[in-house]
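Quick notes on the structure that follows.
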Amino acid sequence: MIETSQRSAELHRQLSEFMDEHIYPNETPIKEELSTGDRWQPSEIVEGLKTKAREAGLWNLFLPESELGAGLSNYEYAPLCEVMGRSPYAPEVFNCSAPDTGNMEVLSRYGSPEQQDEWLTPLLAGEIRSAFAMTEPDVASSDATNIQSEIRRDGAEYVVSGHKWWTSGANDPRCKVLIFMGKTDPDNEDRYRQQSMILIPMSAPGVKVLRHLPVLGFDDAPHGHAEVLFENVRVPASNMLLGEGRGFEIAQGRLGPGRIHHCMRLIGLAERALEAMCRRVKSRVAFGRPVAEQTVTQERIAEARIMIDQNRLLTLYTAHKMDQYGNKEARKEIAMIKVAAPNMACQVIDWAIQAHGGGGVSDDFGLGHAYATARLLRLADGPDEVHRNQIARLELKPH
């Protein structure tokens with residue numbers, strides 16, 4: 001582990017021991033539990049592990065420099081997030097999973113005391129879950145100014161109408177609130193002042209979950225991703241976050257940490273895939289030689305190690321810059337790692353699948369789900385193309 005604070009190092013030790021004792025041994029039982037009965041009900045095993053994690057003090061580690069969380073910097077949190085990323089179930093166990101982390105950061109930074117009491121407190125306690133409704137099926141949401149959903153003031157209320165999809169977590173019965181992005185001032189000459197964010201309870205009349213959306217065939221139950229329709233949903237005016245026209249401001253504050261958290265987790269996911277690859281090729285013989293002795297295998301292992309370590313160092317540098325200078329000043333580095341990490345993970349996991357032969361595309365080793373996760377993250381929180389364009393613009397600007 002790269003040198004960090006003593007507290008982060010101690011938490012890293014505790015977290016790794018918890019993973020060894022409670023997470024890895026329970027991955028197969030959790031998977032088996034979710035394959036029986038109603039897949040959209042919470043896992044009892046996961047809920048039990050949450051209690052253990054909270055008792056161990058491994059809870060809400062993600063909130064940077066906040067008294068509400070562990071008070072860690074982004075740099076201190078990075079190695080911990082990487083460890084959690086090694087298992088698809090771990091982030092939730094420690095109350096550090098998306099989109100709740102991003103939503104809690106929004107409420108912590110921008111929420112009113114009343115909004116924090118109603119929604120942030122139970123989210124921090126792990127009593128409820130949440131969703132983030134931004135992407136729309138009818139427009140190219142890679143350009144967020146395209147979003148057409150409407151938030152209209154009507155006296156003491158706002159009326160919300162729109163069609164969203166890839167609203168992660170909206171299928172979960174524990175999901176009680178969404179953060180919704182829509183236009184309050186579509187005619188504003190400043191395209192970045194047209195949009196606002198507002199809190200919508202899942203129980204509000206007019207909120208309709210139309211279907212769950214699998215990712216390359218994986219439903220990710222009981223969390224999942226949903227297509228949601230909002231038909232004249234009425235909420236109190238006090239549900240507006242920060243104020244009308246502040247949606248993009250909030251989005252940038254939310255997506256910076258969210259993007260780097262995804263990258264931290266992907267590094268852990270790729271690291272575990274490389275470990276699985278090394279074990280597999282040492283246990284298989286082809287054409288009279290161990291697969292581990294084939295030069296093509298050795299080249300892939302070497303390239304995977306180089307790529308993972310490069311991404312880890314870039315992620316840590318980005319986290320350090322965010323801590324020192326703020327998310328806005330680190331926006332180029334955030335964009336860089338958001339492009340680099342998913343592409344790296346896709347390649348490393350692909351090599352691990354190849355090394356496993358037919359087993360690699362089965363459900364036995366978890367590599368198919370790992371690949372689907374990495375591939376999704378080339379789109380989620382902004383596609384590669386948008387981030388590359390931003391990197392290029394920032395690089396060209398001084399010239």
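Note on naming: chains are A, B, ... as they come in the structure tokens, residues start from 1 per chain, ligands start from 1 in the order shown.
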
At a cut-off of 10 Å, can you tabulate as a Markdown table every residue of range 60-176 of chain A near range 264-287 of chain A together with its closest atom pair and the distance in Å to one decimal, using only C-alpha atoms and ordering rows by chain then number?
```
| residue | atom | partner | partner_atom | distance |
| --- | --- | --- | --- | --- |
| A:Tyr77 | CA | A:Met264 | CA | 9.1 |
| A:Ala78 | CA | A:Met264 | CA | 6.0 |
| A:Pro79 | CA | A:Met264 | CA | 7.5 |
| A:Leu80 | CA | A:Met264 | CA | 8.6 |
| A:Cys81 | CA | A:Arg265 | CA | 5.7 |
| A:Glu82 | CA | A:Gly268 | CA | 4.5 |
| A:Val83 | CA | A:Gly268 | CA | 5.7 |
| A:Met84 | CA | A:Arg265 | CA | 6.5 |
| A:Gly85 | CA | A:Arg265 | CA | 3.8 |
| A:Arg86 | CA | A:Leu269 | CA | 4.6 |
| A:Ser87 | CA | A:Leu269 | CA | 7.1 |
| A:Pro88 | CA | A:Leu269 | CA | 8.7 |
| A:Pro91 | CA | A:Arg265 | CA | 8.9 |
```

Taking only C-alpha atoms into account, produce a table as JSON lines in which each residue of range 168-207 of chain A with an atom at most 9 Å from an atom of range 230-239 of chain A appears once, together with its shortest atom pair and the distance in Å to one decimal, ordered by chain and rising number.
```
{"residue": "A:Met197", "atom": "CA", "partner": "A:Asn239", "partner_atom": "CA", "distance": 8.9}
{"residue": "A:Ile198", "atom": "CA", "partner": "A:Asn239", "partner_atom": "CA", "distance": 5.6}
{"residue": "A:Leu199", "atom": "CA", "partner": "A:Asn239", "partner_atom": "CA", "distance": 5.2}
{"residue": "A:Ile200", "atom": "CA", "partner": "A:Val235", "partner_atom": "CA", "distance": 6.7}
{"residue": "A:Pro201", "atom": "CA", "partner": "A:Val235", "partner_atom": "CA", "distance": 8.3}
{"residue": "A:Ala204", "atom": "CA", "partner": "A:Val233", "partner_atom": "CA", "distance": 6.6}
{"residue": "A:Pro205", "atom": "CA", "partner": "A:Val233", "partner_atom": "CA", "distance": 6.1}
{"residue": "A:Gly206", "atom": "CA", "partner": "A:Glu231", "partner_atom": "CA", "distance": 4.7}
{"residue": "A:Val207", "atom": "CA", "partner": "A:Phe230", "partner_atom": "CA", "distance": 4.8}
```

Generate the output file for the selected residues, C-alpha atoms, as an mmCIF file, in the first residue's frame.
```cif
data_model
loop_
_atom_site.group_PDB
_atom_site.id
_atom_site.type_symbol
_atom_site.label_atom_id
_atom_site.label_comp_id
_atom_site.auth_asym_id
_atom_site.auth_seq_id
_atom_site.Cartn_x
_atom_site.Cartn_y
_atom_site.Cartn_z
ATOM 1 C CA MET A 197 -32.037 19.132 -8.402
ATOM 2 C CA ILE A 198 -34.899 18.230 -6.129
ATOM 3 C CA LEU A 199 -35.653 15.499 -3.597
ATOM 4 C CA ILE A 200 -38.517 13.156 -4.460
ATOM 5 C CA PRO A 201 -39.784 10.452 -2.086
ATOM 6 C CA ALA A 204 -44.860 10.210 -3.951
ATOM 7 C CA PRO A 205 -47.908 9.749 -6.205
ATOM 8 C CA GLY A 206 -46.871 9.713 -9.866
ATOM 9 C CA VAL A 207 -43.523 7.935 -9.385
#
```

Determine, counting only C-alpha atoms, which protein, DNA and RNA residues have an atom within 10 Å of an atom of Leu11 in chain A; residues of the same chain fewer than 4 positions away are not included. Present the result as a ChimeraX atom specification. /A:5-7,15-17,57-58,61,76-77,79-80

Generate the output file for the selected residues, N, CA, C and O atoms, as a PDB file, in the first residue's frame.
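Contents of the output file out-v4.pdb:
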```pdb
ATOM      1  N   SER A   5      -1.688   8.025   5.965  1.00  0.00           N
ATOM      2  CA  SER A   5      -1.699   8.325   7.391  1.00  0.00           C
ATOM      3  C   SER A   5      -1.761   7.037   8.214  1.00  0.00           C
ATOM      4  O   SER A   5      -2.177   5.984   7.734  1.00  0.00           O
ATOM      5  N   GLN A   6      -1.370   7.150   9.464  1.00  0.00           N
ATOM      6  CA  GLN A   6      -1.402   5.999  10.360  1.00  0.00           C
ATOM      7  C   GLN A   6      -2.831   5.486  10.526  1.00  0.00           C
ATOM      8  O   GLN A   6      -3.070   4.280  10.560  1.00  0.00           O
ATOM      9  N   ARG A   7      -3.780   6.439  10.594  1.00  0.00           N
ATOM     10  CA  ARG A   7      -5.179   6.033  10.767  1.00  0.00           C
ATOM     11  C   ARG A   7      -5.679   5.264   9.545  1.00  0.00           C
ATOM     12  O   ARG A   7      -6.364   4.248   9.670  1.00  0.00           O
ATOM     13  N   LEU A  15      -9.943  -3.427   7.689  1.00  0.00           N
ATOM     14  CA  LEU A  15     -10.837  -3.703   6.566  1.00  0.00           C
ATOM     15  C   LEU A  15     -10.431  -4.985   5.850  1.00  0.00           C
ATOM     16  O   LEU A  15     -11.283  -5.826   5.519  1.00  0.00           O
ATOM     17  N   SER A  16      -9.139  -5.155   5.624  1.00  0.00           N
ATOM     18  CA  SER A  16      -8.648  -6.364   4.953  1.00  0.00           C
ATOM     19  C   SER A  16      -8.954  -7.616   5.777  1.00  0.00           C
ATOM     20  O   SER A  16      -9.350  -8.656   5.225  1.00  0.00           O
ATOM     21  N   GLU A  17      -8.795  -7.516   7.094  1.00  0.00           N
ATOM     22  CA  GLU A  17      -9.110  -8.651   7.965  1.00  0.00           C
ATOM     23  C   GLU A  17     -10.604  -8.958   7.938  1.00  0.00           C
ATOM     24  O   GLU A  17     -11.004 -10.133   7.926  1.00  0.00           O
ATOM     25  N   GLY A  57     -16.514  -0.402  13.572  1.00  0.00           N
ATOM     26  CA  GLY A  57     -16.101   0.962  13.250  1.00  0.00           C
ATOM     27  C   GLY A  57     -15.753   1.153  11.789  1.00  0.00           C
ATOM     28  O   GLY A  57     -15.138   2.155  11.423  1.00  0.00           O
ATOM     29  N   LEU A  58     -16.156   0.210  10.928  1.00  0.00           N
ATOM     30  CA  LEU A  58     -15.881   0.275   9.488  1.00  0.00           C
ATOM     31  C   LEU A  58     -17.145   0.721   8.765  1.00  0.00           C
ATOM     32  O   LEU A  58     -17.755  -0.031   8.005  1.00  0.00           O
ATOM     33  N   LEU A  61     -17.025   5.318   5.720  1.00  0.00           N
ATOM     34  CA  LEU A  61     -15.633   5.727   5.588  1.00  0.00           C
ATOM     35  C   LEU A  61     -15.419   6.753   4.486  1.00  0.00           C
ATOM     36  O   LEU A  61     -14.368   7.375   4.412  1.00  0.00           O
ATOM     37  N   GLU A  76      -6.614   9.359   1.775  1.00  0.00           N
ATOM     38  CA  GLU A  76      -6.649   8.336   2.825  1.00  0.00           C
ATOM     39  C   GLU A  76      -7.708   7.273   2.522  1.00  0.00           C
ATOM     40  O   GLU A  76      -7.538   6.094   2.860  1.00  0.00           O
ATOM     41  N   TYR A  77      -8.804   7.684   1.888  1.00  0.00           N
ATOM     42  CA  TYR A  77      -9.895   6.756   1.610  1.00  0.00           C
ATOM     43  C   TYR A  77      -9.579   5.828   0.436  1.00  0.00           C
ATOM     44  O   TYR A  77     -10.077   4.704   0.383  1.00  0.00           O
ATOM     45  N   PRO A  79      -7.109   3.778  -0.647  1.00  0.00           N
ATOM     46  CA  PRO A  79      -6.739   2.368  -0.453  1.00  0.00           C
ATOM     47  C   PRO A  79      -7.870   1.547   0.166  1.00  0.00           C
ATOM     48  O   PRO A  79      -7.978   0.344  -0.099  1.00  0.00           O
ATOM     49  N   LEU A  80      -8.706   2.195   0.975  1.00  0.00           N
ATOM     50  CA  LEU A  80      -9.822   1.485   1.596  1.00  0.00           C
ATOM     51  C   LEU A  80     -10.884   1.160   0.563  1.00  0.00           C
ATOM     52  O   LEU A  80     -11.443   0.051   0.539  1.00  0.00           O
TER      53      LEU A  80
END
```

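The shortest atom-to-atom distance to Ile179 in chain A, with only C-alpha atoms taken into account, belongs to A:Met240 out of A:Met240, A:Val215, A:Ala70, A:Cys96.
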
Residues of range 228-332 of chain A that have any atom at most 12 Å from an atom of range 380-393 of chain A: could you tabulate them with the shortest-distance atom pair and the distance in Å to one decimal, using only C-alpha atoms, ordered by chain and increasing number, as a tab-separated table?
```
residue	atom	partner	partner_atom	distance
A:Ala251	CA	A:Asp381	CA	10.1
A:Gln252	CA	A:Asp381	CA	10.6
A:Arg254	CA	A:Asp381	CA	10.1
A:Leu255	CA	A:Asp381	CA	6.8
A:Gly256	CA	A:Asp381	CA	9.2
A:Pro257	CA	A:Asp381	CA	10.7
A:Gly258	CA	A:Asp381	CA	7.9
A:Arg259	CA	A:Asp381	CA	6.5
A:Ile260	CA	A:Asp381	CA	10.2
A:His261	CA	A:Asp381	CA	11.1
A:His262	CA	A:Asp381	CA	9.3
A:Cys263	CA	A:Asp381	CA	11.2
A:Ala330	CA	A:Ile391	CA	11.0
A:Arg331	CA	A:Ile391	CA	8.5
A:Lys332	CA	A:Ile391	CA	5.5
```

Could the residues in this selection be saved with N, CA and C atoms as an mmCIF file, in the first residue's frame?
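This is the output file result20.cif:
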```cif
data_model
loop_
_atom_site.group_PDB
_atom_site.id
_atom_site.type_symbol
_atom_site.label_atom_id
_atom_site.label_comp_id
_atom_site.auth_asym_id
_atom_site.auth_seq_id
_atom_site.Cartn_x
_atom_site.Cartn_y
_atom_site.Cartn_z
ATOM 1 N N ALA A 251 -24.159 18.884 -9.423
ATOM 2 C CA ALA A 251 -23.686 17.710 -10.168
ATOM 3 C C ALA A 251 -22.166 17.629 -10.164
ATOM 4 N N GLN A 252 -21.504 18.766 -10.360
ATOM 5 C CA GLN A 252 -20.046 18.749 -10.364
ATOM 6 C C GLN A 252 -19.491 18.412 -8.983
ATOM 7 N N ARG A 254 -20.989 16.521 -6.864
ATOM 8 C CA ARG A 254 -21.321 15.127 -6.609
ATOM 9 C C ARG A 254 -20.472 14.180 -7.441
ATOM 10 N N LEU A 255 -20.310 14.487 -8.728
ATOM 11 C CA LEU A 255 -19.724 13.525 -9.647
ATOM 12 C C LEU A 255 -18.206 13.400 -9.512
ATOM 13 N N GLY A 256 -17.534 14.460 -9.023
ATOM 14 C CA GLY A 256 -16.086 14.369 -8.856
ATOM 15 C C GLY A 256 -15.693 13.243 -7.914
ATOM 16 N N PRO A 257 -16.151 13.280 -6.670
ATOM 17 C CA PRO A 257 -15.844 12.171 -5.758
ATOM 18 C C PRO A 257 -16.423 10.842 -6.248
ATOM 19 N N GLY A 258 -17.648 10.870 -6.811
ATOM 20 C CA GLY A 258 -18.262 9.642 -7.292
ATOM 21 C C GLY A 258 -17.423 8.953 -8.351
ATOM 22 N N ARG A 259 -16.891 9.760 -9.283
ATOM 23 C CA ARG A 259 -16.074 9.187 -10.356
ATOM 24 C C ARG A 259 -14.805 8.548 -9.824
ATOM 25 N N ILE A 260 -14.143 9.226 -8.904
ATOM 26 C CA ILE A 260 -12.882 8.660 -8.403
ATOM 27 C C ILE A 260 -13.153 7.443 -7.516
ATOM 28 N N HIS A 261 -14.290 7.411 -6.820
ATOM 29 C CA HIS A 261 -14.640 6.220 -6.033
ATOM 30 C C HIS A 261 -14.816 5.015 -6.953
ATOM 31 N N HIS A 262 -15.478 5.220 -8.100
ATOM 32 C CA HIS A 262 -15.626 4.129 -9.065
ATOM 33 C C HIS A 262 -14.250 3.609 -9.487
ATOM 34 N N CYS A 263 -13.325 4.517 -9.737
ATOM 35 C CA CYS A 263 -11.988 4.129 -10.191
ATOM 36 C C CYS A 263 -11.237 3.377 -9.106
ATOM 37 N N ALA A 330 -8.953 19.798 -9.884
ATOM 38 C CA ALA A 330 -8.519 18.435 -10.227
ATOM 39 C C ALA A 330 -9.383 17.823 -11.324
ATOM 40 N N ARG A 331 -10.170 18.646 -12.011
ATOM 41 C CA ARG A 331 -11.132 18.081 -12.960
ATOM 42 C C ARG A 331 -10.459 17.347 -14.120
ATOM 43 N N LYS A 332 -9.289 17.809 -14.560
ATOM 44 C CA LYS A 332 -8.600 17.097 -15.647
ATOM 45 C C LYS A 332 -8.152 15.722 -15.171
#
```

Running DSSP on the backbone, which parts of range 40-135 of chain A land in strand (DSSP E or B), as an MDAnalysis selection string? chainID A and resid 129:133

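In this comparison, which uses only C-alpha atoms, the residue of A:Pro173, A:Pro342, A:Gly102, A:Gly253 approaching Pro42 in chain A most closely is A:Pro173.
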
Nearby residues (only C-alpha atoms) at most 10 Å from Gln347 in chain A, same-chain spacing under 3 positions excluded, as a PyMOL selection string: chain A and resi 270+300+303-304+307+341-344+350-353+371+374-375

Produce a file of the selected residues containing C-alpha atoms, as a PDB file, in the first residue's frame.
```pdb
ATOM      1  CA  ALA A 270      -8.818  -5.678 -11.541  1.00  0.00           C
ATOM      2  CA  ARG A 300      -0.459 -10.469 -20.284  1.00  0.00           C
ATOM      3  CA  GLU A 303       1.023  -5.863 -18.810  1.00  0.00           C
ATOM      4  CA  ALA A 304      -1.806  -6.263 -16.278  1.00  0.00           C
ATOM      5  CA  MET A 307      -1.602  -1.147 -16.019  1.00  0.00           C
ATOM      6  CA  ALA A 341      -9.502   2.878 -14.972  1.00  0.00           C
ATOM      7  CA  PRO A 342     -12.538   1.293 -16.698  1.00  0.00           C
ATOM      8  CA  ASN A 343     -10.525   0.609 -19.853  1.00  0.00           C
ATOM      9  CA  MET A 344      -7.735  -0.922 -17.780  1.00  0.00           C
ATOM     10  CA  ASP A 350     -10.747  -9.914 -20.385  1.00  0.00           C
ATOM     11  CA  TRP A 351      -7.297 -11.505 -20.081  1.00  0.00           C
ATOM     12  CA  ALA A 352      -8.422 -13.258 -16.884  1.00  0.00           C
ATOM     13  CA  ILE A 353     -11.496 -14.607 -18.695  1.00  0.00           C
ATOM     14  CA  TYR A 371     -16.449  -7.397 -16.848  1.00  0.00           C
ATOM     15  CA  ALA A 374     -16.151  -2.421 -15.696  1.00  0.00           C
ATOM     16  CA  ARG A 375     -17.784  -2.024 -19.111  1.00  0.00           C
TER      17      ARG A 375
END
```

Would you pick out the contacts of Ser66 in chain A at 10 Å or less, using only C-alpha atoms, so that residues sharing its chain but fewer than 6 positions from it are not included, and give the list as a ChimeraX atom specification? /A:72-73,105,108-109

Apply DSSP to the backbone of this structure and, from range 150-328 of chain A, keep only the residues in alpha helix (DSSP H); write these as a ChimeraX atom specification. /A:247-282,295-325

What does the structure give for the distance between CA of Arg312 in chain A and CA of Phe62 in chain A, in Å to one decimal? 17.6 Å
